>>> print(open('my_file.cif').read())   # mmCIF, C-alpha atoms
data_entry
#
loop_
_atom_site.group_PDB
_atom_site.id
_atom_site.type_symbol
_atom_site.label_atom_id
_atom_site.label_comp_id
_atom_site.auth_asym_id
_atom_site.auth_seq_id
_atom_site.Cartn_x
_atom_site.Cartn_y
_atom_site.Cartn_z
ATOM 1 C CA MET A 179 95.363 115.372 -4.175
ATOM 2 C CA THR A 180 98.955 115.285 -2.933
ATOM 3 C CA LEU A 181 99.926 112.437 -0.623
ATOM 4 C CA THR A 182 102.157 113.578 2.227
ATOM 5 C CA ILE A 183 104.898 111.273 3.471
ATOM 6 C CA VAL A 184 106.381 112.588 6.716
ATOM 7 C CA SER A 185 110.055 111.974 7.440
ATOM 8 C CA LEU A 186 110.200 112.402 11.206
ATOM 9 C CA LEU A 187 113.297 113.898 12.897
ATOM 10 C CA PRO A 188 115.616 113.214 9.931
ATOM 11 C CA LYS A 189 118.401 115.334 11.467
ATOM 12 C CA LEU A 190 118.521 113.118 14.556
ATOM 13 C CA GLN A 191 117.132 109.816 13.328
ATOM 14 C CA ASN A 192 118.913 108.975 10.087
ATOM 15 C CA THR A 193 122.162 107.287 11.108
ATOM 16 C CA ASN A 194 121.831 104.460 8.584
ATOM 17 C CA GLY A 195 119.842 106.278 5.925
ATOM 18 C CA ASP A 196 116.563 104.906 7.300
ATOM 19 C CA ALA A 197 114.794 108.252 6.849
ATOM 20 C CA GLU A 198 115.233 107.900 3.084
ATOM 21 C CA ASN A 199 112.494 105.274 3.100
ATOM 22 C CA ALA A 200 110.100 108.231 2.958
ATOM 23 C CA ARG A 201 111.552 109.188 -0.420
ATOM 24 C CA VAL A 202 111.228 105.594 -1.618
ATOM 25 C CA LEU A 203 107.497 105.714 -0.891
ATOM 26 C CA ALA A 204 107.118 109.086 -2.621
ATOM 27 C CA ALA A 205 109.081 107.920 -5.678
ATOM 28 C CA ARG A 206 107.079 104.714 -6.070
ATOM 29 C CA ALA A 207 103.842 106.656 -5.679
ATOM 30 C CA GLY A 208 104.999 109.013 -8.434
ATOM 31 C CA TRP A 209 105.836 106.111 -10.769
ATOM 32 C CA ALA A 210 102.266 104.902 -10.213
ATOM 33 C CA GLY A 211 100.895 108.269 -11.325
ATOM 34 C CA LEU A 212 100.099 109.528 -7.833
ATOM 35 C CA ASP A 213 101.226 112.923 -6.610
ATOM 36 C CA ALA A 214 103.298 112.573 -3.428
ATOM 37 C CA THR A 215 105.690 114.735 -1.468
ATOM 38 C CA VAL A 216 108.068 114.230 1.457
ATOM 39 C CA VAL A 217 107.813 116.660 4.360
ATOM 40 C CA GLU A 218 110.618 116.678 6.915
ATOM 41 C CA VAL A 219 109.278 117.248 10.431
ATOM 42 C CA GLU A 220 111.628 118.138 13.276
ATOM 43 C CA SER A 221 109.020 119.409 15.742
ATOM 44 C CA ALA A 222 105.304 119.195 16.459
ATOM 45 C CA ALA A 223 104.892 122.725 15.127
ATOM 46 C CA SER A 224 105.866 121.604 11.620
ATOM 47 C CA ILE A 225 103.481 118.634 11.322
ATOM 48 C CA PRO A 226 101.487 119.208 8.118
ATOM 49 C CA ASP A 227 97.697 119.229 8.100
ATOM 50 C CA ARG A 228 97.649 116.100 5.945
ATOM 51 C CA VAL A 229 99.722 113.060 6.954
ATOM 52 C CA ASP A 230 99.450 109.902 4.838
ATOM 53 C CA ALA A 231 102.458 107.983 6.198
ATOM 54 C CA ILE A 232 105.304 108.429 8.688
ATOM 55 C CA VAL A 233 108.897 107.209 8.542
ATOM 56 C CA LEU A 234 110.974 107.383 11.729
ATOM 57 C CA GLY A 235 114.557 106.234 11.301
ATOM 58 C CA SER A 236 117.280 105.226 13.726
ATOM 59 C CA GLY A 237 119.661 107.540 15.558
ATOM 60 C CA SER A 238 122.576 107.287 17.960
ATOM 61 C CA ASP A 239 122.246 106.748 21.697
ATOM 62 C CA SER A 240 123.648 110.223 22.246
ATOM 63 C CA SER A 241 120.485 111.671 20.679
ATOM 64 C CA LEU A 242 117.966 109.430 22.477
ATOM 65 C CA GLU A 243 116.881 112.004 25.046
ATOM 66 C CA GLU A 244 116.623 114.807 22.487
ATOM 67 C CA SER A 245 114.638 112.632 20.096
ATOM 68 C CA ARG A 246 112.365 111.426 22.891
ATOM 69 C CA ALA A 247 111.655 115.011 23.977
ATOM 70 C CA ALA A 248 110.671 115.936 20.426
ATOM 71 C CA LEU A 249 108.525 112.838 19.940
ATOM 72 C CA LEU A 250 106.806 113.337 23.275
ATOM 73 C CA THR A 251 105.301 116.597 22.001
ATOM 74 C CA MET A 252 103.681 114.498 19.227
ATOM 75 C CA HIS A 253 102.305 111.781 21.520
ATOM 76 C CA ASP A 254 98.657 112.636 20.876
ATOM 77 C CA GLU A 255 99.264 112.669 17.129
ATOM 78 C CA PHE A 256 100.912 109.237 17.279
ATOM 79 C CA ARG A 257 97.896 107.855 19.125
ATOM 80 C CA ARG A 258 95.565 109.340 16.531
ATOM 81 C CA TRP A 259 97.658 108.142 13.577
ATOM 82 C CA GLY A 260 97.764 104.633 15.005
ATOM 83 C CA THR A 261 94.019 104.581 15.608
ATOM 84 C CA GLU A 262 93.248 105.922 12.142
ATOM 85 C CA GLY A 263 95.504 103.380 10.413
ATOM 86 C CA VAL A 264 98.132 105.791 9.085
ATOM 87 C CA PRO A 265 101.160 103.647 8.126
ATOM 88 C CA ILE A 266 104.102 104.242 10.465
ATOM 89 C CA LEU A 267 107.500 102.677 9.716
ATOM 90 C CA SER A 268 109.908 102.923 12.657
ATOM 91 C CA VAL A 269 113.456 101.577 12.496
ATOM 92 C CA GLY A 270 116.084 100.888 15.157
ATOM 93 C CA THR A 271 116.073 103.467 17.937
ATOM 94 C CA GLY A 272 113.036 105.046 16.278
ATOM 95 C CA TRP A 273 111.166 101.834 17.034
ATOM 96 C CA GLU A 274 112.658 101.669 20.537
ATOM 97 C CA LEU A 275 111.437 105.190 21.269
ATOM 98 C CA LEU A 276 107.906 104.177 20.288
ATOM 99 C CA SER A 277 108.084 101.178 22.659
ATOM 100 C CA TRP A 278 107.538 101.060 26.424
ATOM 101 C CA GLY A 279 111.127 102.143 26.937
ATOM 102 C CA ILE A 280 114.857 101.601 26.543
ATOM 103 C CA GLU A 281 117.163 100.147 29.194
ATOM 104 C CA LEU A 282 120.778 101.280 28.861
ATOM 105 C CA THR A 283 123.888 99.471 30.103
ATOM 106 C CA SER A 284 124.479 102.375 32.484
ATOM 107 C CA GLY A 285 121.329 101.383 34.357
ATOM 108 C CA HIS A 286 119.517 104.471 33.119
ATOM 109 C CA ALA A 287 116.179 103.982 31.365
ATOM 110 C CA VAL A 288 114.621 106.131 28.652
ATOM 111 C CA GLU A 289 110.846 106.027 28.740
ATOM 112 C CA GLY A 290 109.201 105.390 25.388
ATOM 113 C CA LEU A 291 105.904 106.645 23.997
ATOM 114 C CA GLY A 292 104.173 103.280 24.433
ATOM 115 C CA ILE A 293 102.863 103.106 20.869
ATOM 116 C CA LEU A 294 104.223 99.575 20.360
ATOM 117 C CA PRO A 295 104.442 96.910 23.092
ATOM 118 C CA GLY A 296 107.792 95.685 24.375
ATOM 119 C CA ARG A 297 111.025 97.334 25.372
ATOM 120 C CA ALA A 298 114.677 97.451 24.364
ATOM 121 C CA VAL A 299 117.178 95.872 26.771
ATOM 122 C CA PRO A 300 120.974 95.438 26.671
ATOM 123 C CA GLY A 301 122.126 92.502 24.551
ATOM 124 C CA LEU A 302 124.963 90.180 25.445
ATOM 125 C CA ASN A 303 126.913 91.435 22.429
ATOM 126 C CA ARG A 304 126.470 93.779 19.514
ATOM 127 C CA ALA A 305 124.482 92.557 16.517
ATOM 128 C CA THR A 306 125.973 93.579 13.179
ATOM 129 C CA GLY A 307 125.623 92.185 9.687
ATOM 130 C CA ASP A 308 122.940 90.788 7.412
ATOM 131 C CA LEU A 309 119.425 90.471 8.770
ATOM 132 C CA ILE A 310 117.099 88.271 6.743
ATOM 133 C CA LEU A 311 113.601 87.240 7.683
ATOM 134 C CA LYS A 312 110.716 85.397 6.132
ATOM 135 C CA SER A 313 107.476 87.323 6.320
ATOM 136 C CA PRO A 314 104.141 85.575 5.766
ATOM 137 C CA ARG A 315 102.924 88.654 3.884
ATOM 138 C CA PHE A 316 106.024 89.985 2.110
ATOM 139 C CA GLY A 317 108.189 86.910 1.522
ATOM 140 C CA MET A 318 111.916 87.206 2.177
ATOM 141 C CA LEU A 319 112.935 90.597 3.569
ATOM 142 C CA VAL A 320 116.585 91.636 3.632
ATOM 143 C CA GLY A 321 118.543 94.381 5.323
ATOM 144 C CA PHE A 322 121.235 94.764 7.937
ATOM 145 C CA GLU A 323 121.274 95.161 11.697
ATOM 146 C CA ASN A 324 123.652 97.232 13.806
ATOM 147 C CA ARG A 325 122.736 97.608 17.451
ATOM 148 C CA ALA A 326 123.635 96.678 21.037
ATOM 149 C CA ARG A 327 120.133 95.957 22.361
ATOM 150 C CA ASP A 328 117.532 93.209 22.120
ATOM 151 C CA TYR A 329 113.782 93.690 22.113
ATOM 152 C CA VAL A 330 111.581 91.839 24.616
ATOM 153 C CA GLY A 331 107.886 91.712 25.483
ATOM 154 C CA ALA A 332 106.779 92.324 21.915
ATOM 155 C CA GLU A 333 103.151 91.286 22.409
ATOM 156 C CA ALA A 334 102.348 91.988 18.792
ATOM 157 C CA SER A 335 102.676 90.158 15.491
ATOM 158 C CA PRO A 336 106.312 89.905 14.341
ATOM 159 C CA LEU A 337 107.276 91.265 10.950
ATOM 160 C CA GLY A 338 108.734 87.832 10.229
ATOM 161 C CA ARG A 339 110.835 84.873 11.347
ATOM 162 C CA VAL A 340 114.611 85.299 11.386
ATOM 163 C CA ARG A 341 116.550 83.312 8.773
ATOM 164 C CA ALA A 342 119.892 85.059 9.275
ATOM 165 C CA GLY A 343 120.990 87.524 11.940
ATOM 166 C CA ARG A 344 119.604 88.118 15.427
ATOM 167 C CA GLY A 345 116.370 90.032 14.958
ATOM 168 C CA ASN A 346 114.642 90.761 18.256
ATOM 169 C CA GLY A 347 117.170 88.533 20.020
ATOM 170 C CA ARG A 348 116.921 86.436 23.204
ATOM 171 C CA ASP A 349 116.402 83.339 21.006
ATOM 172 C CA SER A 350 112.933 84.547 20.038
ATOM 173 C CA GLY A 351 113.504 83.710 16.377
ATOM 174 C CA GLN A 352 111.391 86.722 15.515
ATOM 175 C CA GLU A 353 112.053 90.116 14.021
ATOM 176 C CA GLY A 354 110.047 93.282 14.384
ATOM 177 C CA ALA A 355 106.672 94.139 15.828
ATOM 178 C CA VAL A 356 103.487 95.004 13.940
ATOM 179 C CA MET A 357 100.265 96.455 15.316
ATOM 180 C CA GLY A 358 97.775 97.482 12.686
ATOM 181 C CA SER A 359 99.705 99.744 10.312
ATOM 182 C CA VAL A 360 102.478 100.526 12.817
ATOM 183 C CA TYR A 361 105.730 98.706 12.068
ATOM 184 C CA GLY A 362 108.869 98.416 14.168
ATOM 185 C CA THR A 363 111.956 96.733 12.714
ATOM 186 C CA HIS A 364 115.720 96.360 13.047
ATOM 187 C CA LEU A 365 116.081 96.304 9.231
ATOM 188 C CA HIS A 366 118.335 99.293 8.715
ATOM 189 C CA GLY A 367 118.971 101.278 5.573
ATOM 190 C CA PRO A 368 116.618 101.737 2.615
ATOM 191 C CA VAL A 369 114.591 98.642 3.534
ATOM 192 C CA LEU A 370 111.692 99.686 1.286
ATOM 193 C CA ALA A 371 114.000 100.015 -1.742
ATOM 194 C CA LYS A 372 115.406 96.532 -1.141
ATOM 195 C CA ASN A 373 112.001 94.987 -0.451
ATOM 196 C CA PRO A 374 109.413 96.349 -2.920
ATOM 197 C CA ALA A 375 106.603 94.089 -1.667
ATOM 198 C CA PHE A 376 106.797 95.796 1.717
ATOM 199 C CA ALA A 377 106.800 99.245 0.119
ATOM 200 C CA ASP A 378 103.868 98.382 -2.138
ATOM 201 C CA HIS A 379 101.803 97.161 0.808
ATOM 202 C CA LEU A 380 102.308 100.475 2.592
ATOM 203 C CA LEU A 381 101.422 102.365 -0.569
ATOM 204 C CA GLU A 382 98.262 100.324 -1.046
ATOM 205 C CA VAL A 383 97.210 101.259 2.491
ATOM 206 C CA ILE A 384 98.090 104.908 1.871
ATOM 207 C CA ALA A 385 96.174 105.035 -1.410
ATOM 208 C CA THR A 386 93.125 103.215 -0.071
ATOM 209 C CA ARG A 387 92.849 105.572 2.892
ATOM 210 C CA ALA A 388 92.952 108.491 0.451
ATOM 211 C CA GLY A 389 90.309 106.977 -1.819
ATOM 212 C CA LEU A 390 92.854 106.295 -4.542
ATOM 213 C CA GLU A 391 94.184 103.197 -6.295
ATOM 214 C CA TYR A 392 97.839 102.226 -6.279
ATOM 215 C CA VAL A 393 98.997 100.327 -9.353
ATOM 216 C CA PRO A 394 102.806 100.022 -9.741
ATOM 217 C CA GLY A 395 104.042 101.752 -12.879
ATOM 218 C CA GLU A 396 106.307 100.488 -15.658
ATOM 219 C CA HIS A 397 109.383 102.162 -14.184
ATOM 220 C CA THR A 398 108.616 100.439 -10.888
ATOM 221 C CA ARG A 399 109.039 97.026 -12.514
ATOM 222 C CA THR A 400 112.427 98.018 -13.909
ATOM 223 C CA VAL A 401 113.659 99.244 -10.525
ATOM 224 C CA ASP A 402 112.250 96.165 -8.801
ATOM 225 C CA SER A 403 114.303 93.908 -11.045
ATOM 226 C CA TYR A 404 117.443 95.565 -9.644
ATOM 227 C CA ALA A 405 116.138 95.110 -6.103
ATOM 228 C CA SER A 406 115.401 91.461 -6.812
ATOM 229 C CA ALA A 407 118.935 90.845 -8.034
ATOM 230 C CA ALA A 408 120.446 92.601 -5.013
ATOM 231 C CA ARG A 409 118.183 90.678 -2.646
ATOM 232 C CA ALA A 410 119.083 87.364 -4.284
ATOM 233 C CA ALA A 411 122.789 88.149 -3.922
ATOM 234 C CA GLN A 412 122.344 88.952 -0.226
ATOM 235 C CA LEU A 413 120.415 85.719 0.345
ATOM 236 C CA VAL A 414 123.186 83.703 -1.314
ATOM 237 C CA ALA A 415 125.892 85.461 0.701
ATOM 238 C CA ALA A 416 124.003 84.691 3.904
ATOM 239 C CA GLY A 417 123.432 81.060 2.891
ATOM 240 C CA VAL A 418 119.647 81.414 2.879
ATOM 241 C CA THR A 419 117.485 79.702 0.272
ATOM 242 C CA VAL A 420 114.060 81.034 -0.621
ATOM 243 C CA SER A 421 112.415 77.625 -0.375
ATOM 244 C CA ALA A 422 113.824 76.939 3.089
#
>>> encode(input="my_file.cif", output="structure tokens")
Amino acid sequence: MTLTIVSLLPKLQNTNGDAENARVLAARAGWAGLDATVVEVESAASIPDRVDAIVLGSGSDSSLEESRAALLTMHDEFRRWGTEGVPILSVGTGWELLSWGIELTSGHAVEGLGILPGRAVPGLNRATGDLILKSPRFGMLVGFENRARDYVGAEASPLGRVRAGRGNGRDSGQEGAVMGSVYGTHLHGPVLAKNPAFADHLLEVIATRAGLEYVPGEHTRTVDSYASAARAAQLVAAGVTVSA
């Protein structure tokens, strides 16, 4: 059995390298002795028959309408994936497009797919820099944020509590939105490479759904030691202590 990790709209939604999280999942699955492949999907017509996980990265505002039009043709699939518990990782504008909608400073609104509750609204200023949160399930998660909008009305479990950075904004103290196996986050870049516990959770869900067992391999532990060192350095730079 080959596990299929879908990288959704990588040509439009990969501004910060978020789409590469699909390859992180496939690589870690391979180190655990599981056969996995990444399939890049740019339209509904190219959705493979088997979908074990979806990664939807962040794009620029100039591509919002084009990305929305493409995602809208997959609306029924998103509903089915969410209901069936297929892990979906959405980052930045990818998350915003799966929300109720996006309000732009121009006054124009882009309607979302309504997969996750809440909506993106203009922030008072741009959020850039380290984003660190404490997750009850994954411990300290690190990444960076780079956006001009806040996220409100997230009537779902947060991914974690903000320790550094803005997160969802509006003094919520929270970051991300989680419903079942659907995740929305502002953690840009290869968040799954930096935070192996998060990646392993998704892989455990993927493997269990496929009737398989995920046990991290020896090479995984070596790579994770590098991630741990990088994460520790980012925590120190941001003035965040693990025990706090």
>>> residues_around(input="my_file.cif", residues="Leu370 in chain A", least_positions_apart="5", cutoff="7 Å", atoms="only C-alpha atoms", output="list of chain:residue names")
A:Asn199, A:Val202, A:Phe376, A:Ala377
>>> write_last_selection(input="my_file.cif", atoms="C-alpha atoms", output="compact mmCIF listing (two decimals), keeping the file's coordinate frame")
# COMPACT_ATOMS: atom_id res chain seq x y z
CA ASN A 199 112.49 105.27 3.10
CA VAL A 202 111.23 105.59 -1.62
CA PHE A 376 106.80 95.80 1.72
CA ALA A 377 106.80 99.24 0.12
>>> closest_residue(input="my_file.cif", among="A:Ala210, A:Met318, A:Ala408, A:Ala197", to="Leu381 in chain A", atoms="all atoms listed in the file")
A:Ala210
>>> axis_aligned_box(input="my_file.cif", around="range 221-231 of chain A", padding_each_side="8 Å", output="lines of an AutoDock Vina configuration file")
center_x = 103.3
center_y = 115.4
center_z = 10.6
size_x = 27.4
size_y = 30.7
size_z = 27.6
>>> resolve_selection(input="my_file.cif", expression="the PyMOL selection byres ((chain A and resi 397) around 12)", output="PyMOL selection string")
chain A and resi 205-211+393-396+398-404
>>> closest_residue(input="my_file.cif", among="A:Asp378, A:Glu274, A:Glu353, A:Asp328", to="Gly235 in chain A", atoms="all atoms listed in the file")
A:Glu274
>>> resolve_selection(input="my_file.cif", expression="the PyMOL selection byres ((chain A and resi 372) around 8)", output="PyMOL selection string")
chain A and resi 319-321+368-371+373-374+405-406+408-409
>>> build_atoms(input="my_file.cif", residues="range 196-218 of chain A", atoms="N, CA and C atoms", output="CSV table (one decimal), keeping the file's coordinate frame")
chain,number,residue,atom,x,y,z
A,196,ASP,N,117.9,105.4,7.2
A,196,ASP,CA,116.6,104.9,7.3
A,196,ASP,C,115.5,105.9,6.9
A,197,ALA,N,115.8,107.2,7.2
A,197,ALA,CA,114.8,108.3,6.8
A,197,ALA,C,114.5,108.3,5.4
A,198,GLU,N,115.4,107.8,4.5
A,198,GLU,CA,115.2,107.9,3.1
A,198,GLU,C,114.1,107.0,2.6
A,199,ASN,N,113.6,106.1,3.5
A,199,ASN,CA,112.5,105.3,3.1
A,199,ASN,C,111.3,106.1,2.8
A,200,ALA,N,111.2,107.3,3.3
A,200,ALA,CA,110.1,108.2,3.0
A,200,ALA,C,110.2,108.6,1.5
A,201,ARG,N,111.4,108.8,1.0
A,201,ARG,CA,111.6,109.2,-0.4
A,201,ARG,C,111.3,108.0,-1.3
A,202,VAL,N,111.6,106.8,-0.8
A,202,VAL,CA,111.2,105.6,-1.6
A,202,VAL,C,109.7,105.5,-1.8
A,203,LEU,N,109.0,105.7,-0.8
A,203,LEU,CA,107.5,105.7,-0.9
A,203,LEU,C,107.0,106.8,-1.9
A,204,ALA,N,107.5,108.0,-1.7
A,204,ALA,CA,107.1,109.1,-2.6
A,204,ALA,C,107.5,108.8,-4.1
A,205,ALA,N,108.7,108.2,-4.3
A,205,ALA,CA,109.1,107.9,-5.7
A,205,ALA,C,108.2,106.8,-6.3
A,206,ARG,N,107.9,105.8,-5.5
A,206,ARG,CA,107.1,104.7,-6.1
A,206,ARG,C,105.6,105.2,-6.3
A,207,ALA,N,105.2,106.1,-5.5
A,207,ALA,CA,103.8,106.7,-5.7
A,207,ALA,C,103.8,107.4,-7.0
A,208,GLY,N,104.9,108.2,-7.2
A,208,GLY,CA,105.0,109.0,-8.4
A,208,GLY,C,105.0,108.1,-9.7
A,209,TRP,N,105.8,107.0,-9.6
A,209,TRP,CA,105.8,106.1,-10.8
A,209,TRP,C,104.5,105.5,-11.1
A,210,ALA,N,103.6,105.5,-10.0
A,210,ALA,CA,102.3,104.9,-10.2
A,210,ALA,C,101.3,106.0,-10.6
A,211,GLY,N,101.8,107.2,-10.9
A,211,GLY,CA,100.9,108.3,-11.3
A,211,GLY,C,100.2,109.0,-10.2
A,212,LEU,N,100.7,108.8,-9.0
A,212,LEU,CA,100.1,109.5,-7.8
A,212,LEU,C,101.0,110.7,-7.4
A,213,ASP,N,100.4,111.8,-7.0
A,213,ASP,CA,101.2,112.9,-6.6
A,213,ASP,C,101.6,112.7,-5.1
A,214,ALA,N,102.9,112.8,-4.8
A,214,ALA,CA,103.3,112.6,-3.4
A,214,ALA,C,104.5,113.5,-3.1
A,215,THR,N,104.6,113.9,-1.9
A,215,THR,CA,105.7,114.7,-1.5
A,215,THR,C,106.2,114.3,-0.1
A,216,VAL,N,107.5,114.5,0.2
A,216,VAL,CA,108.1,114.2,1.5
A,216,VAL,C,108.2,115.5,2.3
A,217,VAL,N,107.7,115.5,3.5
A,217,VAL,CA,107.8,116.7,4.4
A,217,VAL,C,108.7,116.3,5.6
A,218,GLU,N,109.8,117.0,5.8
A,218,GLU,CA,110.6,116.7,6.9
A,218,GLU,C,110.1,117.4,8.1
